[in-house]
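Note: the block below is start.pdb and it holds PDB, C-alpha atoms.
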```pdb
ATOM      1  CA  MET A   1     -17.089  -3.403  17.052
ATOM      2  CA  ALA A   2     -17.664  -5.410  13.881
ATOM      3  CA  LEU A   3     -21.094  -6.069  12.398
ATOM      4  CA  VAL A   4     -21.125  -9.042  10.045
ATOM      5  CA  GLY A   5     -23.617 -11.149   8.156
ATOM      6  CA  ARG A   6     -24.569 -12.249   4.665
ATOM      7  CA  ASN A   7     -25.770  -9.746   2.069
ATOM      8  CA  GLY A   8     -29.263  -8.496   2.731
ATOM      9  CA  MET A   9     -29.298  -9.451   6.413
ATOM     10  CA  GLY A  10     -29.607  -5.885   7.691
ATOM     11  CA  LYS A  11     -26.123  -4.556   8.308
ATOM     12  CA  SER A  12     -26.413  -1.349   6.287
ATOM     13  CA  THR A  13     -30.010  -0.966   7.446
ATOM     14  CA  THR A  14     -28.788  -1.094  11.050
ATOM     15  CA  MET A  15     -26.338   1.710  10.298
ATOM     16  CA  ARG A  16     -29.024   3.738   8.556
ATOM     17  CA  ALA A  17     -31.296   3.257  11.574
ATOM     18  CA  ILE A  18     -28.533   4.539  13.897
ATOM     19  CA  LEU A  19     -28.143   7.570  11.624
ATOM     20  CA  GLY A  20     -31.865   8.311  11.526
ATOM     21  CA  LEU A  21     -32.035   7.607   7.793
ATOM     22  CA  CYS A  22     -34.670   4.937   8.262
ATOM     23  CA  PRO A  23     -36.994   4.438  11.201
ATOM     24  CA  PRO A  24     -36.492   1.346  13.388
ATOM     25  CA  THR A  25     -39.506  -0.987  13.375
ATOM     26  CA  SER A  26     -38.739  -2.085  16.919
ATOM     27  CA  GLY A  27     -36.142  -1.583  19.600
ATOM     28  CA  ALA A  28     -34.258   1.602  20.411
ATOM     29  CA  VAL A  29     -31.018   3.297  19.554
ATOM     30  CA  THR A  30     -29.097   5.169  22.206
ATOM     31  CA  PHE A  31     -25.825   7.010  21.796
ATOM     32  CA  ALA A  32     -23.813   8.107  24.836
ATOM     33  CA  GLY A  33     -26.900   7.408  26.922
ATOM     34  CA  ARG A  34     -29.139   9.533  24.738
ATOM     35  CA  PRO A  35     -32.016   8.035  22.734
ATOM     36  CA  LEU A  36     -31.831   8.868  19.032
ATOM     37  CA  ALA A  37     -35.408   7.955  18.084
ATOM     38  CA  GLY A  38     -37.104  10.618  16.019
ATOM     39  CA  LEU A  39     -34.018  12.793  15.618
ATOM     40  CA  ALA A  40     -33.227  14.088  12.129
ATOM     41  CA  PRO A  41     -30.005  12.681  10.634
ATOM     42  CA  PHE A  42     -28.189  16.022  10.798
ATOM     43  CA  ARG A  43     -28.921  16.242  14.538
ATOM     44  CA  ILE A  44     -27.513  12.730  15.035
ATOM     45  CA  ALA A  45     -24.395  13.742  13.080
ATOM     46  CA  ARG A  46     -24.070  16.813  15.313
ATOM     47  CA  LEU A  47     -24.146  14.579  18.378
ATOM     48  CA  GLY A  48     -20.881  13.098  17.110
ATOM     49  CA  VAL A  49     -21.739  10.182  14.809
ATOM     50  CA  GLY A  50     -19.720  10.070  11.576
ATOM     51  CA  TRP A  51     -20.654   7.940   8.545
ATOM     52  CA  VAL A  52     -18.550   6.420   5.805
ATOM     53  CA  PRO A  53     -21.269   5.007   3.566
ATOM     54  CA  GLU A  54     -21.067   2.069   1.227
ATOM     55  CA  GLY A  55     -20.361   3.651  -2.149
ATOM     56  CA  ARG A  56     -18.481   6.526  -0.474
ATOM     57  CA  LEU A  57     -20.737   9.317  -1.781
ATOM     58  CA  ILE A  58     -17.873  11.766  -2.293
ATOM     59  CA  PHE A  59     -18.996  15.245  -3.415
ATOM     60  CA  PRO A  60     -17.957  14.989  -7.087
ATOM     61  CA  THR A  61     -17.694  18.701  -7.864
ATOM     62  CA  LEU A  62     -15.615  19.597  -4.813
ATOM     63  CA  THR A  63     -11.865  19.060  -4.596
ATOM     64  CA  VAL A  64     -10.323  16.622  -2.126
ATOM     65  CA  ARG A  65      -9.495  19.519   0.206
ATOM     66  CA  GLU A  66     -13.003  20.955  -0.130
ATOM     67  CA  ASN A  67     -14.567  17.551   0.570
ATOM     68  CA  LEU A  68     -12.608  17.499   3.816
ATOM     69  CA  THR A  69     -13.374  21.042   4.912
ATOM     70  CA  ALA A  70     -16.952  21.514   3.676
ATOM     71  CA  THR A  71     -18.491  19.749   6.686
ATOM     72  CA  ALA A  72     -15.583  20.024   9.141
ATOM     73  CA  ALA A  73     -16.531  20.558  12.773
ATOM     74  CA  ASN A  74     -15.919  19.090  16.205
ATOM     75  CA  HIS A  75     -19.346  17.632  16.878
ATOM     76  CA  GLY A  76     -18.028  15.037  19.286
ATOM     77  CA  GLY A  77     -16.249  17.634  21.398
ATOM     78  CA  LEU A  78     -12.927  15.861  20.973
ATOM     79  CA  ALA A  79      -9.922  17.166  22.914
ATOM     80  CA  ARG A  80      -7.849  16.587  19.770
ATOM     81  CA  PRO A  81     -10.076  17.007  16.708
ATOM     82  CA  TRP A  82      -8.700  15.958  13.321
ATOM     83  CA  THR A  83      -7.094  18.567  11.088
ATOM     84  CA  VAL A  84      -6.536  18.472   7.318
ATOM     85  CA  PRO A  85      -2.732  17.999   7.719
ATOM     86  CA  GLU A  86      -3.399  15.033  10.020
ATOM     87  CA  ILE A  87      -5.796  13.504   7.484
ATOM     88  CA  PHE A  88      -3.069  13.917   4.852
ATOM     89  CA  ASP A  89      -0.581  12.203   7.202
ATOM     90  CA  LEU A  90      -3.044   9.331   7.577
ATOM     91  CA  PHE A  91      -3.626   9.199   3.799
ATOM     92  CA  PRO A  92      -0.558  10.620   1.988
ATOM     93  CA  ARG A  93      -2.162   9.837  -1.356
ATOM     94  CA  LEU A  94      -4.824  12.453  -0.600
ATOM     95  CA  ARG A  95      -2.178  15.136  -0.076
ATOM     96  CA  GLU A  96      -0.919  14.446  -3.600
ATOM     97  CA  ARG A  97      -4.481  14.739  -4.932
ATOM     98  CA  ALA A  98      -5.584  17.693  -2.786
ATOM     99  CA  LEU A  99      -6.725  19.788  -5.753
ATOM    100  CA  ALA A 100      -8.316  16.966  -7.768
ATOM    101  CA  SER A 101     -12.093  17.027  -7.917
ATOM    102  CA  GLY A 102     -14.056  14.227  -6.318
ATOM    103  CA  ASP A 103     -15.090  12.666  -9.609
ATOM    104  CA  GLN A 104     -11.455  12.284 -10.716
ATOM    105  CA  LEU A 105     -10.459   9.978  -7.870
ATOM    106  CA  SER A 106      -9.825   6.250  -8.026
ATOM    107  CA  GLY A 107     -11.933   3.933  -5.855
ATOM    108  CA  GLY A 108      -9.228   3.697  -3.229
ATOM    109  CA  GLU A 109      -8.662   7.470  -3.121
ATOM    110  CA  ALA A 110     -12.415   8.052  -2.832
ATOM    111  CA  GLN A 111     -12.588   5.602   0.052
ATOM    112  CA  MET A 112      -9.748   7.341   1.880
ATOM    113  CA  LEU A 113     -11.444  10.684   1.288
ATOM    114  CA  ALA A 114     -14.764   9.377   2.608
ATOM    115  CA  ILE A 115     -13.044   8.219   5.799
ATOM    116  CA  GLY A 116     -11.164  11.526   6.093
ATOM    117  CA  ARG A 117     -14.357  13.534   5.599
ATOM    118  CA  ALA A 118     -16.086  11.630   8.393
ATOM    119  CA  LEU A 119     -13.108  12.094  10.730
ATOM    120  CA  MET A 120     -13.182  15.839  10.070
ATOM    121  CA  LEU A 121     -16.557  15.943  11.866
ATOM    122  CA  GLY A 122     -14.710  15.189  15.091
ATOM    123  CA  PRO A 123     -16.922  12.173  15.704
ATOM    124  CA  GLN A 124     -17.095  10.152  18.896
ATOM    125  CA  LEU A 125     -18.249   7.205  16.807
ATOM    126  CA  ILE A 126     -17.553   6.474  13.152
ATOM    127  CA  LEU A 127     -19.632   4.013  11.120
ATOM    128  CA  LEU A 128     -17.670   2.261   8.347
ATOM    129  CA  ASP A 129     -19.895   0.453   5.851
ATOM    130  CA  GLU A 130     -17.950  -1.948   3.602
ATOM    131  CA  ALA A 131     -14.939   0.361   3.542
ATOM    132  CA  THR A 132     -12.785  -2.140   1.640
ATOM    133  CA  GLU A 133     -15.341  -3.306  -0.911
ATOM    134  CA  GLY A 134     -14.275  -3.408  -4.542
ATOM    135  CA  LEU A 135     -10.718  -2.245  -3.877
ATOM    136  CA  ALA A 136      -7.443  -3.795  -5.011
ATOM    137  CA  PRO A 137      -5.757  -5.899  -2.289
ATOM    138  CA  VAL A 138      -2.864  -3.459  -1.837
ATOM    139  CA  ILE A 139      -5.332  -0.605  -1.302
ATOM    140  CA  ARG A 140      -7.430  -2.729   1.076
ATOM    141  CA  ASP A 141      -4.262  -3.318   3.135
ATOM    142  CA  GLU A 142      -3.712   0.443   3.318
ATOM    143  CA  ILE A 143      -7.289   1.061   4.447
ATOM    144  CA  TRP A 144      -7.019  -1.641   7.134
ATOM    145  CA  GLN A 145      -3.778  -0.120   8.396
ATOM    146  CA  CYS A 146      -5.466   3.271   8.652
ATOM    147  CA  ILE A 147      -8.410   1.795  10.526
ATOM    148  CA  GLY A 148      -5.887   0.232  12.898
ATOM    149  CA  ARG A 149      -4.346   3.671  13.460
ATOM    150  CA  LEU A 150      -7.778   5.104  14.236
ATOM    151  CA  ARG A 151      -8.181   2.442  16.866
ATOM    152  CA  GLU A 152      -4.778   3.311  18.362
ATOM    153  CA  ARG A 153      -5.922   6.918  18.557
ATOM    154  CA  GLY A 154      -8.908   5.766  20.608
ATOM    155  CA  GLN A 155     -11.554   6.272  17.929
ATOM    156  CA  ALA A 156     -14.742   4.260  18.496
ATOM    157  CA  VAL A 157     -15.617   2.416  15.296
ATOM    158  CA  LEU A 158     -18.578   0.313  14.172
ATOM    159  CA  ILE A 159     -17.418  -1.538  11.073
ATOM    160  CA  VAL A 160     -19.271  -3.661   8.545
ATOM    161  CA  ASP A 161     -16.965  -5.860   6.435
ATOM    162  CA  LYS A 162     -16.585  -9.449   5.362
ATOM    163  CA  HIS A 163     -12.822  -9.878   5.795
ATOM    164  CA  LEU A 164     -12.887 -11.577   9.209
ATOM    165  CA  VAL A 165      -9.131 -11.928   9.708
ATOM    166  CA  ALA A 166      -8.538  -8.235   8.967
ATOM    167  CA  LEU A 167     -11.518  -7.320  11.175
ATOM    168  CA  ALA A 168     -10.012  -9.277  14.064
ATOM    169  CA  ARG A 169      -6.959  -6.992  13.944
ATOM    170  CA  VAL A 170      -8.959  -3.762  14.248
ATOM    171  CA  ALA A 171     -12.083  -4.699  16.217
ATOM    172  CA  GLU A 172     -12.415  -6.668  19.432
ATOM    173  CA  ARG A 173     -16.076  -7.649  19.368
ATOM    174  CA  ALA A 174     -18.367  -8.850  16.629
ATOM    175  CA  VAL A 175     -22.097  -9.159  16.219
ATOM    176  CA  VAL A 176     -23.429 -11.510  13.533
ATOM    177  CA  ILE A 177     -26.880 -10.629  12.248
ATOM    178  CA  GLU A 178     -29.365 -12.570  10.202
ATOM    179  CA  LYS A 179     -32.614 -11.031   8.928
ATOM    180  CA  GLY A 180     -32.215  -8.085  11.260
ATOM    181  CA  ARG A 181     -31.604 -10.149  14.398
ATOM    182  CA  THR A 182     -28.448 -10.870  16.370
ATOM    183  CA  VAL A 183     -27.588 -14.551  16.018
ATOM    184  CA  TRP A 184     -24.090 -14.557  17.505
ATOM    185  CA  THR A 185     -21.914 -12.205  19.470
ATOM    186  CA  GLY A 186     -18.389 -12.632  20.779
ATOM    187  CA  SER A 187     -14.787 -11.837  20.032
ATOM    188  CA  THR A 188     -13.638 -11.180  16.479
ATOM    189  CA  ALA A 189     -10.710 -13.565  17.050
ATOM    190  CA  VAL A 190     -13.095 -16.430  17.808
ATOM    191  CA  LEU A 191     -15.279 -15.532  14.825
ATOM    192  CA  ALA A 192     -12.325 -15.432  12.438
ATOM    193  CA  GLY A 193     -11.233 -18.917  13.498
ATOM    194  CA  ASP A 194     -14.562 -20.721  13.825
ATOM    195  CA  ARG A 195     -15.475 -22.633  10.674
ATOM    196  CA  GLU A 196     -18.856 -23.702  12.027
ATOM    197  CA  ILE A 197     -20.095 -20.172  12.769
ATOM    198  CA  HIS A 198     -18.763 -19.065   9.381
ATOM    199  CA  ASP A 199     -20.566 -21.853   7.504
ATOM    200  CA  ARG A 200     -23.804 -21.348   9.410
ATOM    201  CA  TYR A 201     -24.119 -17.562   9.205
ATOM    202  CA  LEU A 202     -21.647 -16.163   6.718
ATOM    203  CA  SER A 203     -20.952 -18.440   3.800
ATOM    204  CA  VAL A 204     -22.864 -18.118   0.546
TER     205      VAL A 204
ATOM    206  CA  MET B   1     -21.921 -17.757  -6.662
ATOM    207  CA  ILE B   2     -18.547 -19.324  -7.539
ATOM    208  CA  ASP B   3     -20.301 -22.558  -8.504
ATOM    209  CA  LEU B   4     -22.784 -20.624 -10.639
ATOM    210  CA  LEU B   5     -20.024 -18.798 -12.494
ATOM    211  CA  ARG B   6     -18.150 -22.060 -12.959
ATOM    212  CA  THR B   7     -21.240 -23.568 -14.569
ATOM    213  CA  ILE B   8     -21.670 -20.585 -16.884
ATOM    214  CA  LYS B   9     -18.000 -20.877 -17.830
ATOM    215  CA  THR B  10     -18.501 -24.361 -19.242
ATOM    216  CA  GLU B  11     -20.612 -22.881 -22.064
ATOM    217  CA  THR B  12     -19.569 -19.246 -22.377
ATOM    218  CA  THR B  13     -16.273 -17.402 -22.472
ATOM    219  CA  MET B  14     -16.161 -15.159 -19.432
ATOM    220  CA  VAL B  15     -14.138 -12.040 -18.770
ATOM    221  CA  LEU B  16     -14.215 -11.504 -15.020
ATOM    222  CA  ILE B  17     -13.205  -8.157 -13.546
ATOM    223  CA  GLU B  18     -12.605  -8.916  -9.904
ATOM    224  CA  HIS B  19     -10.634  -7.883  -6.810
ATOM    225  CA  ASP B  20     -11.530 -10.971  -4.767
ATOM    226  CA  MET B  21      -8.452 -13.189  -5.077
ATOM    227  CA  ASP B  22     -10.269 -16.301  -3.822
ATOM    228  CA  ALA B  23     -12.757 -15.941  -6.665
ATOM    229  CA  VAL B  24      -9.982 -15.315  -9.186
ATOM    230  CA  ALA B  25      -8.048 -18.376  -7.972
ATOM    231  CA  GLN B  26     -11.101 -20.602  -8.275
ATOM    232  CA  LEU B  27     -12.447 -19.329 -11.578
ATOM    233  CA  ALA B  28      -9.742 -17.955 -13.834
ATOM    234  CA  ASP B  29      -7.991 -20.065 -16.418
ATOM    235  CA  ARG B  30      -5.886 -17.056 -17.325
ATOM    236  CA  VAL B  31      -5.267 -13.833 -15.410
ATOM    237  CA  MET B  32      -4.211 -10.455 -16.787
ATOM    238  CA  VAL B  33      -3.188  -7.663 -14.413
ATOM    239  CA  LEU B  34      -3.616  -4.043 -15.506
ATOM    240  CA  VAL B  35      -1.849  -1.107 -13.882
ATOM    241  CA  ALA B  36      -2.582   2.418 -15.148
ATOM    242  CA  GLY B  37      -4.042   1.029 -18.361
ATOM    243  CA  ARG B  38      -1.149  -1.285 -19.205
ATOM    244  CA  ALA B  39      -1.014  -5.071 -18.914
ATOM    245  CA  VAL B  40       1.888  -5.841 -16.571
ATOM    246  CA  ALA B  41       1.372  -9.589 -16.245
ATOM    247  CA  SER B  42      -0.570 -12.361 -17.906
ATOM    248  CA  GLY B  43      -0.761 -16.103 -17.356
ATOM    249  CA  ALA B  44      -1.877 -18.696 -14.846
ATOM    250  CA  TYR B  45      -3.033 -17.347 -11.486
ATOM    251  CA  ASP B  46      -0.254 -19.046  -9.508
ATOM    252  CA  ASP B  47       2.414 -17.545 -11.757
ATOM    253  CA  VAL B  48       0.873 -14.058 -11.867
ATOM    254  CA  ARG B  49       0.433 -13.785  -8.116
ATOM    255  CA  ARG B  50       4.138 -14.498  -7.569
ATOM    256  CA  ASP B  51       5.247 -11.813 -10.038
ATOM    257  CA  PRO B  52       7.045  -9.118  -8.016
ATOM    258  CA  VAL B  53       5.584  -6.336 -10.170
ATOM    259  CA  VAL B  54       2.094  -7.629  -9.434
ATOM    260  CA  ARG B  55       2.838  -7.997  -5.718
ATOM    261  CA  ASP B  56       4.173  -4.465  -5.554
ATOM    262  CA  ALA B  57       1.470  -2.723  -7.576
ATOM    263  CA  TYR B  58      -1.593  -4.764  -6.812
ATOM    264  CA  LEU B  59      -1.453  -7.543  -4.230
ATOM    265  CA  GLY B  60       0.575  -5.908  -1.472
ATOM    266  CA  GLU B  61       2.152  -7.823   1.399
ATOM    267  CA  ASN B  62      -0.611 -10.386   1.876
TER     268      ASN B  62
END
```
Mind converting the file's structure to C-alpha cells?
Amino acid sequence: MALVGRNGMGKSTTMRAILGLCPPTSGAVTFAGRPLAGLAPFRIARLGVGWVPEGRLIFPTLTVRENLTATAANHGGLARPWTVPEIFDLFPRLRERALASGDQLSGGEAQMLAIGRALMLGPQLILLDEATEGLAPVIRDEIWQCIGRLRERGQAVLIVDKHLVALARVAERAVVIEKGRTVWTGSTAVLAGDREIHDRYLSV
Amino acid sequence: MIDLLRTIKTETTMVLIEHDMDAVAQLADRVMVLVAGRAVASGAYDDVRRDPVVRDAYLGEN
C-alpha cells in the first residue's frame, strides 16, 4: 500500500501514529485485528511492525553487521524470518561494508541498512518512509528493485514516496492524504497515470 | 519551487546540489557529475545524461 500526498499533509505523522510515537487525535489504529491505542512503541514493534524512518536513523557507532543484529528477532512470528546472509544477498553492498561503522556509510548504504535492520525484526508489516529520498538515481533503482523483491516474498509494506511510477510497480493500492484526511484511494496504476489527480493533490 | 529557483537564478549565480533529474533538467545551465570526489562529466544536461560513464555510475537504467 502506498501513502502519498504533498509535504506536510500527514504522511509521516500517520506512520508515527501507527507506531505509537504520537497519539492519534481521532480514529483508531488496528493491526492484525488488534487495537494499538495506548501501546508503547516497543510493544507495537514486538507485535511485528517494522519501521524504516525518514532519515534512516542508523546507529552510528555500531558496524553494519551490529546494526542488523542488535535488534534482531522474529516479532511477527514468520515461518521464514530474515537472516543476516539473506540481507546481504538482498543488499550485496552491505556485505562489502559489513565491518564499517554506521557513520561511515553513504546515503544509499545507510538506506539499505535501515531496510535490512527493519527486516531483521521479522515484521509482518514494514513501514517505509521516503526510502528513496535524496539518493542518486542508480541507487534509487536498486532500492526499488529490493522493495519489489520484498513484495515477491510476501512482505506487507506501507510505503510513503513521491515517485508514482516506481510505486505502481511495488504497491497495488494508494491512499492520497491532504491535511491528515484521505482524499483519494484506488490503484497505484490509476494514480500514476492520472494527471488531474496529480495536479489536484500532489503537485507543488 | 522550480519557478522560485528560476527567479533567483536571474540575479544570483546558483550552485545546485540535487538528485532530482527533473529539477536539474529545468534549472541547470551547466551540469557537473562527481563520482568518488572526481568530476567525470561536465556540460549541458542533455549531453551529460547521455554520457555512458554517467549512466553507469549515476543515472542507472532509467
Just so the selection is clear, what residues does the PyMOL selection byres ((chain B and resi 39-52) around 10) cover here, as a list in words?
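Matching residues under the PyMOL selection byres ((chain B and resi 39-52) around 10) are Met21, Val24, Ala25, Gln26, Leu27, Ala28, Asp29, Arg30, Val31, Met32, Val33, Leu34, Val35, Ala36, Gly37, Arg38, Val53, Val54, Arg55, Asp56, Ala57, Tyr58, Leu59 and Gly60 of chain B.
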Define the interface residues of chain A facing chain B as those within 12 Å, counting only C-alpha atoms, and report them as a compact mmCIF listing (two decimals) with C-alpha atoms, in the frame of the given file.
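Everything below was put into iface-v4.txt:
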```
# COMPACT_ATOMS: atom_id res chain seq x y z
CA SER A 106 -9.82 6.25 -8.03
CA GLY A 107 -11.93 3.93 -5.86
CA GLY A 108 -9.23 3.70 -3.23
CA THR A 132 -12.78 -2.14 1.64
CA GLU A 133 -15.34 -3.31 -0.91
CA GLY A 134 -14.28 -3.41 -4.54
CA LEU A 135 -10.72 -2.24 -3.88
CA ALA A 136 -7.44 -3.80 -5.01
CA PRO A 137 -5.76 -5.90 -2.29
CA VAL A 138 -2.86 -3.46 -1.84
CA ILE A 139 -5.33 -0.60 -1.30
CA ARG A 140 -7.43 -2.73 1.08
CA ASP A 141 -4.26 -3.32 3.14
CA GLU A 142 -3.71 0.44 3.32
CA GLN A 145 -3.78 -0.12 8.40
CA LYS A 162 -16.58 -9.45 5.36
CA HIS A 163 -12.82 -9.88 5.80
CA VAL A 165 -9.13 -11.93 9.71
CA ALA A 166 -8.54 -8.24 8.97
CA SER A 203 -20.95 -18.44 3.80
CA VAL A 204 -22.86 -18.12 0.55
```
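Taking only C-alpha atoms into account, Ile159 (chain A) lies nearest to A:Thr188 out of the set A:Thr30, A:Thr188, A:Thr83, A:Thr61.
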Enter the distance from CA of Ala100 (chain A) to CA of Asn67 (chain A), in Å, rounded to one decimal.
10.4 Å
Mind pulling up the distance from CA of Val4 (chain A) to CA of Val160 (chain A)?
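Between CA of Val160 (chain A) and CA of Val4 (chain A) the gap works out to 5.9 Å.
Computed from the coordinates, the CA of Arg173 (chain A) to CA of Gly50 (chain A) distance equals 19.7 Å.
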I'd like the residues picked by the PyMOL selection byres ((chain A and resi 70) around 12) written out as a list in words, using the chain letters and numbers from the file.
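Going through the file, the PyMOL selection byres ((chain A and resi 70) around 12) ends up selecting Ile58, Phe59, Thr61, Leu62, Thr63, Val64, Arg65, Glu66, Asn67, Leu68, Thr69, Thr71, Ala72, Ala73, Val84, Gly116, Arg117, Ala118, Met120 and Leu121 of chain A.
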Here's the selection I'm unsure about, the PyMOL selection byres ((chain A and resi 3) around 12); applied to the file above, which residues does it give, as a PyMOL selection string?
chain A and resi 1-2+4-7+9-15+127-130+157-164+167-168+171-178+180-188+191+202
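Shell of Ala110 (chain A) at 8 Å, with only C-alpha atoms counted and residues fewer than 5 places along the chain excluded, is Arg56, Ile58, Gly102 and Leu105 of chain A.
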